[in-house]
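So this block is final.txt, compact mmCIF, C-alpha atoms:
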# COMPACT_ATOMS: atom_id res chain seq x y z
CA MET A 1 0.00 0.00 0.00
CA ILE A 2 2.79 2.45 0.85
CA PRO A 3 4.56 2.06 -2.54
CA TRP A 4 1.33 3.11 -4.28
CA ILE A 5 1.14 6.22 -2.13
CA ILE A 6 4.75 7.03 -2.98
CA VAL A 7 3.99 6.60 -6.68
CA ALA A 8 0.95 8.83 -6.39
CA VAL A 9 2.80 11.55 -4.48
CA VAL A 10 6.14 11.51 -6.36
CA VAL A 11 5.88 9.99 -9.84
CA VAL A 12 2.55 11.42 -10.99
CA PRO A 13 3.50 15.08 -10.34
CA LEU A 14 6.85 14.52 -12.06
CA VAL A 15 5.11 13.16 -15.14
CA VAL A 16 2.70 16.09 -15.16
CA ILE A 17 5.56 18.59 -14.81
CA ALA A 18 7.50 16.91 -17.64
CA PHE A 19 4.42 17.07 -19.87
CA VAL A 20 3.89 20.79 -19.15
CA VAL A 21 7.55 21.59 -19.83
CA THR A 22 7.45 19.67 -23.10
CA ARG A 23 4.32 21.52 -24.23
CA ARG A 24 5.88 24.84 -23.31
CA ASN A 25 9.06 24.08 -25.27
CA THR A 26 7.01 22.98 -28.27
CA ALA A 27 4.92 26.14 -28.17
CA ALA A 28 8.04 28.31 -27.86
CA GLY A 29 9.60 26.53 -30.82
CA GLU A 30 6.49 27.09 -32.92
CA LEU A 31 6.45 30.80 -32.08
CA ALA A 32 10.11 31.16 -33.00
CA ALA A 33 9.44 29.45 -36.31
CA THR A 34 6.64 31.87 -37.21
CA ASP A 35 8.97 34.85 -36.81
CA GLU A 36 11.23 33.54 -39.56
CA GLY A 37 8.38 31.82 -41.34
CA ASP A 38 7.63 34.68 -43.73
CA ALA A 39 11.07 34.67 -45.35
CA THR A 40 11.23 30.89 -45.34
CA HIS A 41 7.76 30.65 -46.88
CA LYS A 42 8.68 33.07 -49.67
CA ARG A 43 11.90 31.19 -50.39
CA THR A 44 10.05 27.88 -50.47
CA GLU A 45 7.42 29.28 -52.84
CA SER A 46 10.11 30.59 -55.20
CA GLU A 47 11.90 27.24 -55.13
CA PHE A 48 8.64 25.44 -55.98
CA ALA A 49 7.99 27.88 -58.83
CA ALA A 50 11.49 27.30 -60.22
CA ALA A 51 11.06 23.53 -59.93
CA GLU A 52 7.73 23.64 -61.74
CA ALA A 53 9.23 25.77 -64.53
CA TYR A 54 12.11 23.31 -64.90
CA GLU A 55 9.66 20.39 -64.93
CA GLU A 56 7.71 22.04 -67.75
CA GLN A 57 10.92 22.59 -69.76
CA TRP A 58 11.99 19.01 -69.18
CA HIS A 59 8.58 17.69 -70.20
CA GLU A 60 8.68 19.64 -73.48
CA ALA A 61 12.23 18.44 -74.23
CA ASP A 62 11.25 14.86 -73.43
CA LYS A 63 8.21 15.12 -75.69
CA GLU A 64 10.40 16.37 -78.56
CA ARG A 65 12.94 13.62 -77.98
CA PHE A 66 10.16 11.02 -77.96
CA HIS A 67 8.84 12.20 -81.32
CA GLN A 68 12.35 12.10 -82.79
CA GLU A 69 12.94 8.49 -81.72
CA ARG A 70 12.40 5.81 -84.25
CA LEU A 71 10.23 3.14 -82.74
CA PRO A 72 10.62 -0.47 -83.94

Once more with this new file: its structure as structure tokens, please.
Amino acid sequence: MIPWIIVAVVVVPLVVIAFVVTRRNTAAGELAATDEGDATHKRTESEFAAAEAYEEQWHEADKERFHQERLP
């Protein structure tokens, strides 16, 4: 019976405190990310736009190469 009381008085509060600290650190990390998020978001969007433009160029070149191939 006494070990259960010790668990209830010591371990449970430690687990609760660890959970609260973890949530606080996660929230702080998310707030820090939003400060730099604008520049990062713009850079990511420009990289996606460049990748899509390259994909379109590649697709056109591949289509031309396909039509130039002689099929058996």

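You will find CA of Val7 in chain A at 24.8 Å from CA of Arg24 in chain A.
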
Could you check how far CA of Phe19 in chain A sits from CA of Ile2 in chain A, in Å to one decimal?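 Going from CA of Phe19 in chain A over to CA of Ile2 in chain A, I get 25.4 Å.
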
Measure the distance from CA of Gln68 in chain A to CA of Ala50 in chain A in Å and round it to one decimal.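 These two atoms are separated by 27.2 Å.
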
Repair of range 42-71 of chain A at the level of N, CA and C atoms, as a compact mmCIF listing (two decimals), in the frame of the given file:
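Final file, selection-v3.txt:
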# COMPACT_ATOMS: atom_id res chain seq x y z
N LYS A 42 8.44 32.46 -48.37
CA LYS A 42 8.68 33.07 -49.67
C LYS A 42 9.76 32.32 -50.43
N ARG A 43 10.82 31.93 -49.73
CA ARG A 43 11.90 31.19 -50.39
C ARG A 43 11.40 29.83 -50.87
N THR A 44 10.60 29.18 -50.07
CA THR A 44 10.05 27.88 -50.47
C THR A 44 9.15 28.02 -51.68
N GLU A 45 8.31 29.05 -51.69
CA GLU A 45 7.42 29.28 -52.84
C GLU A 45 8.23 29.53 -54.10
N SER A 46 9.30 30.32 -54.00
CA SER A 46 10.11 30.59 -55.20
C SER A 46 10.83 29.33 -55.67
N GLU A 47 11.27 28.49 -54.74
CA GLU A 47 11.90 27.24 -55.13
C GLU A 47 10.91 26.31 -55.82
N PHE A 48 9.66 26.26 -55.33
CA PHE A 48 8.64 25.44 -55.98
C PHE A 48 8.33 25.97 -57.37
N ALA A 49 8.26 27.29 -57.51
CA ALA A 49 7.99 27.88 -58.83
C ALA A 49 9.12 27.55 -59.80
N ALA A 50 10.35 27.63 -59.35
CA ALA A 50 11.49 27.30 -60.22
C ALA A 50 11.46 25.82 -60.59
N ALA A 51 11.12 24.96 -59.65
CA ALA A 51 11.06 23.53 -59.93
C ALA A 51 9.95 23.22 -60.92
N GLU A 52 8.82 23.88 -60.79
CA GLU A 52 7.73 23.64 -61.74
C GLU A 52 8.08 24.13 -63.13
N ALA A 53 8.79 25.27 -63.22
CA ALA A 53 9.23 25.77 -64.53
C ALA A 53 10.21 24.79 -65.16
N TYR A 54 11.15 24.28 -64.37
CA TYR A 54 12.11 23.31 -64.90
C TYR A 54 11.39 22.03 -65.34
N GLU A 55 10.41 21.61 -64.57
CA GLU A 55 9.66 20.39 -64.93
C GLU A 55 8.95 20.58 -66.27
N GLU A 56 8.39 21.76 -66.47
CA GLU A 56 7.71 22.04 -67.75
C GLU A 56 8.71 22.01 -68.91
N GLN A 57 9.88 22.62 -68.72
CA GLN A 57 10.92 22.59 -69.76
C GLN A 57 11.35 21.16 -70.05
N TRP A 58 11.56 20.39 -69.01
CA TRP A 58 11.99 19.01 -69.18
C TRP A 58 10.93 18.21 -69.92
N HIS A 59 9.67 18.43 -69.57
CA HIS A 59 8.58 17.69 -70.20
C HIS A 59 8.51 18.00 -71.70
N GLU A 60 8.69 19.27 -72.06
CA GLU A 60 8.68 19.64 -73.48
C GLU A 60 9.87 19.02 -74.20
N ALA A 61 11.04 19.04 -73.60
CA ALA A 61 12.23 18.44 -74.23
C ALA A 61 12.05 16.93 -74.37
N ASP A 62 11.45 16.31 -73.37
CA ASP A 62 11.25 14.86 -73.43
C ASP A 62 10.23 14.52 -74.51
N LYS A 63 9.21 15.35 -74.65
CA LYS A 63 8.21 15.12 -75.69
C LYS A 63 8.84 15.22 -77.08
N GLU A 64 9.71 16.22 -77.28
CA GLU A 64 10.40 16.37 -78.56
C GLU A 64 11.32 15.19 -78.83
N ARG A 65 12.04 14.76 -77.82
CA ARG A 65 12.94 13.62 -77.98
C ARG A 65 12.15 12.35 -78.29
N PHE A 66 10.99 12.19 -77.70
CA PHE A 66 10.16 11.02 -77.96
C PHE A 66 9.70 10.99 -79.41
N HIS A 67 9.32 12.17 -79.94
CA HIS A 67 8.84 12.20 -81.32
C HIS A 67 9.98 12.00 -82.31
N GLN A 68 11.21 12.29 -81.91
CA GLN A 68 12.35 12.10 -82.79
C GLN A 68 12.85 10.66 -82.79
N GLU A 69 12.50 9.89 -81.78
CA GLU A 69 12.94 8.49 -81.72
C GLU A 69 12.26 7.69 -82.80
N ARG A 70 13.00 6.73 -83.28
CA ARG A 70 12.40 5.81 -84.25
C ARG A 70 12.00 4.56 -83.47
N LEU A 71 10.72 4.28 -83.49
CA LEU A 71 10.23 3.14 -82.74
C LEU A 71 10.26 1.90 -83.64
